[in-house]
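Novice: Shown below is the structure under consideration.
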Amino acid sequence: MAKQISIITFTGRLGNLIGYRRNGKHFLRSMPSYVRQTVATRRAAQRFGVASKKGALIRSAFSGRLDAGCDSGHINRLTSALIPATGNNIRSITGFRFNRHTGTDRFLIHAPRLSHDGILYISPQALPACKGINSLEIKVIAARIHFATHQVVGTESAVLIVKTGEDFKGAACNVDVPGKGTLIVVLQVRGIQEHVPSCNTKYFAADIIAAEPPQPLPEILHKQICPELPRLKLLSEKIPAAASVQLLLPVIQRE
């Protein structure tokens, strides 16, 4: 390496030279004339590139629907979670948290279940009491993504608001977004304090709870929902900040 002693110093590439700074001093080094890559490093680079593209597509599908900021490292974490999916194991991202500080299991002891006919069931359960939180906003966001054509085919969302510290009677939501491609479902839970969503990251969770590759669904079972369960209402716009603390029933309307 060579030390930069001129009045004007630089960092970055300049011709075949690279300027960089270390311990407050500027140095130079020449670019290598040849970069040797093994078969393993080429494959790793390809997997990383595919995972990065898939991650960007997933973020674009959900970024406009999530109602709170993700943590600063969620992009790198999502890419890492998608690397196994370069072998078409898209289910490997199930359980991914957009907010690594809090998961939906903090609020829902029994995890939601996605049936084969595209219905998401949230089991009846007792909701935990949270200090300063009067109710929970439960939001389901479903997106159909065609990775081969790099397109978000469709995105839909549904919302339900329930009181904390009480027994939740359960709910059901049709998340089978029409079209071809992979179905990815995100569950978002926010704490509500006096009709206003909390800004505390402890009371916001957004997890990928299902990632299903395209598969034929039997028509006889398609879109059958248990009548005794309330249905989440699909939204065409963002939830107002001061939402009423009531169940939103009963008709599901697509965007």
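Labels used: A, B, ... for chains in the order of the structure tokens, numbers from 1 for residues in each chain, and numbers from 1 for ligands as shown.
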Residues of segment 111-217 of chain A that have any atom at most 10 Å from an atom of segment 51-61 of chain A: could you tabulate them with the shortest-distance atom pair and the distance in Å to one decimal, using only C-alpha atoms, ordered by chain and increasing number, as JSON lines?

Specialist:
{"residue": "A:Ile141", "atom": "CA", "partner": "A:Ala61", "partner_atom": "CA", "distance": 9.6}
{"residue": "A:Ala142", "atom": "CA", "partner": "A:Ala61", "partner_atom": "CA", "distance": 9.0}
{"residue": "A:Ala143", "atom": "CA", "partner": "A:Ala61", "partner_atom": "CA", "distance": 6.6}
{"residue": "A:Arg144", "atom": "CA", "partner": "A:Ala61", "partner_atom": "CA", "distance": 8.6}
{"residue": "A:Ile145", "atom": "CA", "partner": "A:Ile58", "partner_atom": "CA", "distance": 7.7}
{"residue": "A:His146", "atom": "CA", "partner": "A:Leu57", "partner_atom": "CA", "distance": 9.3}
{"residue": "A:Phe147", "atom": "CA", "partner": "A:Lys54", "partner_atom": "CA", "distance": 6.9}
{"residue": "A:Ala148", "atom": "CA", "partner": "A:Lys54", "partner_atom": "CA", "distance": 9.8}
{"residue": "A:His150", "atom": "CA", "partner": "A:Leu57", "partner_atom": "CA", "distance": 7.1}
{"residue": "A:Gln151", "atom": "CA", "partner": "A:Leu57", "partner_atom": "CA", "distance": 7.5}
{"residue": "A:Val152", "atom": "CA", "partner": "A:Ala61", "partner_atom": "CA", "distance": 6.3}
{"residue": "A:Val153", "atom": "CA", "partner": "A:Ala61", "partner_atom": "CA", "distance": 9.1}
{"residue": "A:Gly154", "atom": "CA", "partner": "A:Ala61", "partner_atom": "CA", "distance": 8.3}
{"residue": "A:Thr155", "atom": "CA", "partner": "A:Ala61", "partner_atom": "CA", "distance": 6.9}
{"residue": "A:Glu156", "atom": "CA", "partner": "A:Ala61", "partner_atom": "CA", "distance": 9.9}
{"residue": "A:Ile184", "atom": "CA", "partner": "A:Ile58", "partner_atom": "CA", "distance": 8.5}

Novice: Keeping only all heavy atoms, write the selected residues as a short mmCIF file (atom, residue, chain, number, x, y, z; two decimals), in the first residue's frame.

Specialist:
data_model
loop_
_atom_site.label_atom_id
_atom_site.label_comp_id
_atom_site.auth_asym_id
_atom_site.auth_seq_id
_atom_site.Cartn_x
_atom_site.Cartn_y
_atom_site.Cartn_z
N ILE A 141 -52.16 -9.44 5.89
CA ILE A 141 -51.78 -8.93 4.57
C ILE A 141 -51.35 -10.13 3.73
O ILE A 141 -50.44 -10.88 4.12
CB ILE A 141 -50.64 -7.91 4.65
CG1 ILE A 141 -50.93 -6.86 5.71
CG2 ILE A 141 -50.41 -7.25 3.29
CD1 ILE A 141 -49.74 -5.97 6.04
N ALA A 142 -52.00 -10.32 2.60
CA ALA A 142 -51.68 -11.44 1.72
C ALA A 142 -51.26 -10.91 0.36
O ALA A 142 -51.87 -9.97 -0.17
CB ALA A 142 -52.89 -12.37 1.56
N ALA A 143 -50.21 -11.48 -0.20
CA ALA A 143 -49.70 -11.06 -1.51
C ALA A 143 -49.43 -12.29 -2.37
O ALA A 143 -48.90 -13.30 -1.88
CB ALA A 143 -48.44 -10.23 -1.37
N ARG A 144 -49.80 -12.19 -3.62
CA ARG A 144 -49.48 -13.23 -4.61
C ARG A 144 -48.32 -12.69 -5.45
O ARG A 144 -48.45 -11.67 -6.11
CB ARG A 144 -50.68 -13.54 -5.48
CG ARG A 144 -50.47 -14.62 -6.51
CD ARG A 144 -50.49 -16.00 -5.90
NE ARG A 144 -51.81 -16.36 -5.38
CZ ARG A 144 -52.07 -17.52 -4.81
NH1 ARG A 144 -51.10 -18.44 -4.69
NH2 ARG A 144 -53.28 -17.79 -4.35
N ILE A 145 -47.19 -13.39 -5.41
CA ILE A 145 -45.98 -12.93 -6.09
C ILE A 145 -45.52 -13.98 -7.10
O ILE A 145 -45.37 -15.16 -6.75
CB ILE A 145 -44.85 -12.64 -5.08
CG1 ILE A 145 -45.30 -11.59 -4.06
CG2 ILE A 145 -43.59 -12.16 -5.80
CD1 ILE A 145 -44.29 -11.32 -2.97
N HIS A 146 -45.30 -13.54 -8.33
CA HIS A 146 -44.79 -14.43 -9.38
C HIS A 146 -43.31 -14.13 -9.56
O HIS A 146 -42.93 -13.18 -10.24
CB HIS A 146 -45.56 -14.19 -10.68
CG HIS A 146 -45.46 -15.34 -11.65
ND1 HIS A 146 -44.31 -15.60 -12.35
CD2 HIS A 146 -46.36 -16.30 -12.00
CE1 HIS A 146 -44.51 -16.66 -13.13
NE2 HIS A 146 -45.75 -17.11 -12.92
N PHE A 147 -42.47 -14.93 -8.91
CA PHE A 147 -41.04 -14.65 -8.91
C PHE A 147 -40.42 -14.84 -10.29
O PHE A 147 -39.44 -14.16 -10.63
CB PHE A 147 -40.33 -15.55 -7.89
CG PHE A 147 -40.63 -15.18 -6.46
CD1 PHE A 147 -41.42 -15.99 -5.68
CD2 PHE A 147 -40.13 -14.02 -5.92
CE1 PHE A 147 -41.70 -15.66 -4.36
CE2 PHE A 147 -40.39 -13.66 -4.60
CZ PHE A 147 -41.19 -14.50 -3.82
N ALA A 148 -40.95 -15.74 -11.09
CA ALA A 148 -40.37 -16.00 -12.41
C ALA A 148 -40.47 -14.78 -13.32
O ALA A 148 -39.56 -14.50 -14.11
CB ALA A 148 -41.06 -17.21 -13.06
N HIS A 150 -41.07 -11.71 -11.99
CA HIS A 150 -40.72 -10.57 -11.14
C HIS A 150 -41.90 -9.61 -11.04
O HIS A 150 -41.76 -8.40 -11.24
CB HIS A 150 -39.48 -9.85 -11.69
CG HIS A 150 -38.75 -9.08 -10.64
ND1 HIS A 150 -38.09 -9.68 -9.58
CD2 HIS A 150 -38.58 -7.73 -10.46
CE1 HIS A 150 -37.55 -8.75 -8.83
NE2 HIS A 150 -37.83 -7.56 -9.33
N GLN A 151 -43.08 -10.14 -10.66
CA GLN A 151 -44.28 -9.33 -10.56
C GLN A 151 -45.03 -9.62 -9.27
O GLN A 151 -45.09 -10.77 -8.82
CB GLN A 151 -45.22 -9.59 -11.74
CG GLN A 151 -44.73 -9.09 -13.09
CD GLN A 151 -45.72 -9.35 -14.19
OE1 GLN A 151 -46.46 -10.33 -14.13
NE2 GLN A 151 -45.77 -8.49 -15.18
N VAL A 152 -45.61 -8.55 -8.69
CA VAL A 152 -46.56 -8.71 -7.60
C VAL A 152 -47.94 -8.79 -8.24
O VAL A 152 -48.46 -7.78 -8.73
CB VAL A 152 -46.47 -7.53 -6.61
CG1 VAL A 152 -47.52 -7.68 -5.51
CG2 VAL A 152 -45.08 -7.43 -6.00
N VAL A 153 -48.53 -9.97 -8.24
CA VAL A 153 -49.79 -10.19 -8.94
C VAL A 153 -50.93 -9.47 -8.24
O VAL A 153 -51.79 -8.87 -8.89
CB VAL A 153 -50.09 -11.70 -9.04
CG1 VAL A 153 -51.41 -11.95 -9.74
CG2 VAL A 153 -48.96 -12.42 -9.79
N GLY A 154 -50.97 -9.53 -6.93
CA GLY A 154 -52.05 -8.88 -6.18
C GLY A 154 -51.75 -8.87 -4.70
O GLY A 154 -51.03 -9.72 -4.20
N THR A 155 -52.32 -7.89 -4.00
CA THR A 155 -52.14 -7.76 -2.56
C THR A 155 -53.46 -7.36 -1.93
O THR A 155 -54.16 -6.48 -2.45
CB THR A 155 -51.07 -6.71 -2.21
OG1 THR A 155 -49.87 -6.98 -2.92
CG2 THR A 155 -50.77 -6.70 -0.72
N GLU A 156 -53.81 -8.01 -0.82
CA GLU A 156 -55.03 -7.68 -0.09
C GLU A 156 -54.74 -7.66 1.40
O GLU A 156 -53.80 -8.30 1.87
CB GLU A 156 -56.14 -8.68 -0.42
CG GLU A 156 -56.59 -8.64 -1.87
CD GLU A 156 -57.67 -9.67 -2.18
OE1 GLU A 156 -57.94 -10.51 -1.29
OE2 GLU A 156 -58.21 -9.64 -3.28
N ILE A 184 -47.82 -15.32 -0.09
CA ILE A 184 -47.12 -14.97 1.14
C ILE A 184 -48.08 -14.18 2.02
O ILE A 184 -48.70 -13.22 1.57
CB ILE A 184 -45.85 -14.15 0.85
CG1 ILE A 184 -44.88 -14.98 -0.01
CG2 ILE A 184 -45.17 -13.72 2.15
CD1 ILE A 184 -43.60 -14.26 -0.36
#

Novice: Considering only helix (DSSP H, G or I) as DSSP defines it on the backbone, what residues of segment 25-193 of chain A qualify? List them as JSON, numbers by chain.

Specialist: {"A": [39, 40, 41, 42, 43, 44, 45, 46, 47, 48, 49, 50, 51, 52, 53, 54, 55, 56, 57, 58, 59, 60, 61, 62, 74, 75, 76, 77, 78, 79, 80, 81, 82, 83, 84, 85, 86, 87, 90, 91, 92, 93, 104, 105, 106]}

Novice: Which residue, A:Phe98, A:Gln4, A:Leu82, A:Glu137, has the smallest gap to Ser63 of chain A when you use only C-alpha atoms?

Specialist: A:Phe98

Novice: Would you mind telling me which residue in A:Cys70, A:Ile138, A:Val177, A:Ala45 lies nearest to Pro112 of chain A when using only C-alpha atoms?

Specialist: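 Closest candidate: A:Ile138.
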
Novice: Atom CA of Asp176 of chain A and atom CA of Thr164 of chain A are how many Å apart?

Specialist: 28.6 Å

Novice: Restricting the calculation to only C-alpha atoms: of A:Thr104, A:Ser115, A:Thr86, A:Ser72, which residue gets closest to Val140 of chain A?

Specialist: A:Thr104

Novice: Identify all residues of segment 14-69 of chain A in strand (DSSP E or B) (DSSP on the backbone) and supply them as a PyMOL selection string.

Specialist: chain A and resi 14+17-22+25-30

Novice: Tell me, as a PDB file with N, CA, C and O atoms, in the first residue's frame, which residues lie within 12 Å of Gly69 of chain A, counting only C-alpha atoms; anything in the same chain fewer than 5 positions away does not count.

Specialist:
ATOM      1  N   PHE A  62     -45.259  -5.579   0.352  1.00  0.00           N
ATOM      2  CA  PHE A  62     -45.797  -5.332   1.686  1.00  0.00           C
ATOM      3  C   PHE A  62     -45.487  -3.938   2.244  1.00  0.00           C
ATOM      4  O   PHE A  62     -46.111  -3.547   3.235  1.00  0.00           O
ATOM      5  N   SER A  63     -44.555  -3.217   1.641  1.00  0.00           N
ATOM      6  CA  SER A  63     -44.131  -1.940   2.223  1.00  0.00           C
ATOM      7  C   SER A  63     -45.282  -0.951   2.344  1.00  0.00           C
ATOM      8  O   SER A  63     -45.370  -0.204   3.330  1.00  0.00           O
ATOM      9  N   GLY A  64     -46.179  -0.915   1.387  1.00  0.00           N
ATOM     10  CA  GLY A  64     -47.291   0.025   1.440  1.00  0.00           C
ATOM     11  C   GLY A  64     -48.409  -0.407   2.362  1.00  0.00           C
ATOM     12  O   GLY A  64     -49.329   0.373   2.630  1.00  0.00           O
ATOM     13  N   HIS A  74     -33.688  -5.217   8.596  1.00  0.00           N
ATOM     14  CA  HIS A  74     -34.605  -6.218   8.045  1.00  0.00           C
ATOM     15  C   HIS A  74     -34.283  -6.589   6.595  1.00  0.00           C
ATOM     16  O   HIS A  74     -34.582  -7.710   6.172  1.00  0.00           O
ATOM     17  N   ARG A  97     -39.441 -12.057  10.923  1.00  0.00           N
ATOM     18  CA  ARG A  97     -39.976 -10.885  11.604  1.00  0.00           C
ATOM     19  C   ARG A  97     -39.472  -9.605  10.943  1.00  0.00           C
ATOM     20  O   ARG A  97     -38.261  -9.393  10.850  1.00  0.00           O
ATOM     21  N   PHE A  98     -40.384  -8.765  10.500  1.00  0.00           N
ATOM     22  CA  PHE A  98     -39.985  -7.461   9.983  1.00  0.00           C
ATOM     23  C   PHE A  98     -39.491  -6.561  11.117  1.00  0.00           C
ATOM     24  O   PHE A  98     -38.676  -5.673  10.890  1.00  0.00           O
ATOM     25  N   ASN A  99     -40.006  -6.777  12.323  1.00  0.00           N
ATOM     26  CA  ASN A  99     -39.502  -6.097  13.512  1.00  0.00           C
ATOM     27  C   ASN A  99     -38.887  -7.169  14.405  1.00  0.00           C
ATOM     28  O   ASN A  99     -39.613  -7.920  15.068  1.00  0.00           O
ATOM     29  N   ARG A 100     -37.569  -7.239  14.429  1.00  0.00           N
ATOM     30  CA  ARG A 100     -36.901  -8.320  15.153  1.00  0.00           C
ATOM     31  C   ARG A 100     -37.074  -8.206  16.662  1.00  0.00           C
ATOM     32  O   ARG A 100     -36.827  -9.154  17.397  1.00  0.00           O
ATOM     33  N   HIS A 101     -37.539  -7.033  17.150  1.00  0.00           N
ATOM     34  CA  HIS A 101     -37.674  -6.824  18.584  1.00  0.00           C
ATOM     35  C   HIS A 101     -38.911  -7.519  19.164  1.00  0.00           C
ATOM     36  O   HIS A 101     -38.938  -7.848  20.345  1.00  0.00           O
ATOM     37  N   GLN A 188     -49.777  -8.789  11.061  1.00  0.00           N
ATOM     38  CA  GLN A 188     -49.310  -7.609  11.787  1.00  0.00           C
ATOM     39  C   GLN A 188     -50.192  -7.394  13.010  1.00  0.00           C
ATOM     40  O   GLN A 188     -51.417  -7.476  12.927  1.00  0.00           O
ATOM     41  N   ARG A 190     -50.645  -4.577  16.252  1.00  0.00           N
ATOM     42  CA  ARG A 190     -50.244  -3.309  16.859  1.00  0.00           C
ATOM     43  C   ARG A 190     -51.034  -3.075  18.139  1.00  0.00           C
ATOM     44  O   ARG A 190     -52.231  -3.364  18.209  1.00  0.00           O
ATOM     45  N   CYS A 199     -46.415   3.813  19.501  1.00  0.00           N
ATOM     46  CA  CYS A 199     -45.160   3.963  18.752  1.00  0.00           C
ATOM     47  C   CYS A 199     -44.031   3.121  19.344  1.00  0.00           C
ATOM     48  O   CYS A 199     -42.908   3.136  18.834  1.00  0.00           O
ATOM     49  N   ASN A 200     -44.321   2.400  20.416  1.00  0.00           N
ATOM     50  CA  ASN A 200     -43.330   1.561  21.071  1.00  0.00           C
ATOM     51  C   ASN A 200     -43.123   0.281  20.274  1.00  0.00           C
ATOM     52  O   ASN A 200     -44.086  -0.416  19.951  1.00  0.00           O
ATOM     53  N   THR A 201     -41.869  -0.034  19.913  1.00  0.00           N
ATOM     54  CA  THR A 201     -41.589  -1.231  19.114  1.00  0.00           C
ATOM     55  C   THR A 201     -41.968  -2.512  19.847  1.00  0.00           C
ATOM     56  O   THR A 201     -42.101  -3.560  19.210  1.00  0.00           O
ATOM     57  N   PHE A 204     -45.477  -3.628  18.494  1.00  0.00           N
ATOM     58  CA  PHE A 204     -45.686  -3.776  17.049  1.00  0.00           C
ATOM     59  C   PHE A 204     -44.960  -5.019  16.567  1.00  0.00           C
ATOM     60  O   PHE A 204     -43.778  -5.208  16.843  1.00  0.00           O
ATOM     61  N   ALA A 205     -45.687  -5.875  15.881  1.00  0.00           N
ATOM     62  CA  ALA A 205     -45.095  -7.083  15.312  1.00  0.00           C
ATOM     63  C   ALA A 205     -45.639  -7.297  13.912  1.00  0.00           C
ATOM     64  O   ALA A 205     -46.811  -7.016  13.641  1.00  0.00           O
ATOM     65  N   ALA A 206     -44.791  -7.773  13.025  1.00  0.00           N
ATOM     66  CA  ALA A 206     -45.203  -8.108  11.664  1.00  0.00           C
ATOM     67  C   ALA A 206     -44.368  -9.306  11.222  1.00  0.00           C
ATOM     68  O   ALA A 206     -43.168  -9.176  10.993  1.00  0.00           O
TER      69      ALA A 206
END

Novice: Go through segment 76-143 of chain A residue by residue and, counting only C-alpha atoms, keep those with an atom at most 12 Å from segment 30-44 of chain A; for each kept residue give the shortest atom pair and its distance in Å to one decimal, ordered by chain and increasing number, as CSV.

Specialist:
residue,atom,partner,partner_atom,distance
A:Ser80,CA,A:Ala44,CA,11.7
A:Ile83,CA,A:Ala44,CA,9.1
A:Pro84,CA,A:Ala44,CA,11.0
A:Thr86,CA,A:Ala44,CA,10.5
A:Gly87,CA,A:Arg43,CA,11.8

Novice: Quick one: residues within 9 Å of Cys130 of chain A, only C-alpha atoms, excluding same-chain residues fewer than 4 positions away - as a ChimeraX atom specification?

Specialist: /A:107,134-135,164-165,191,203
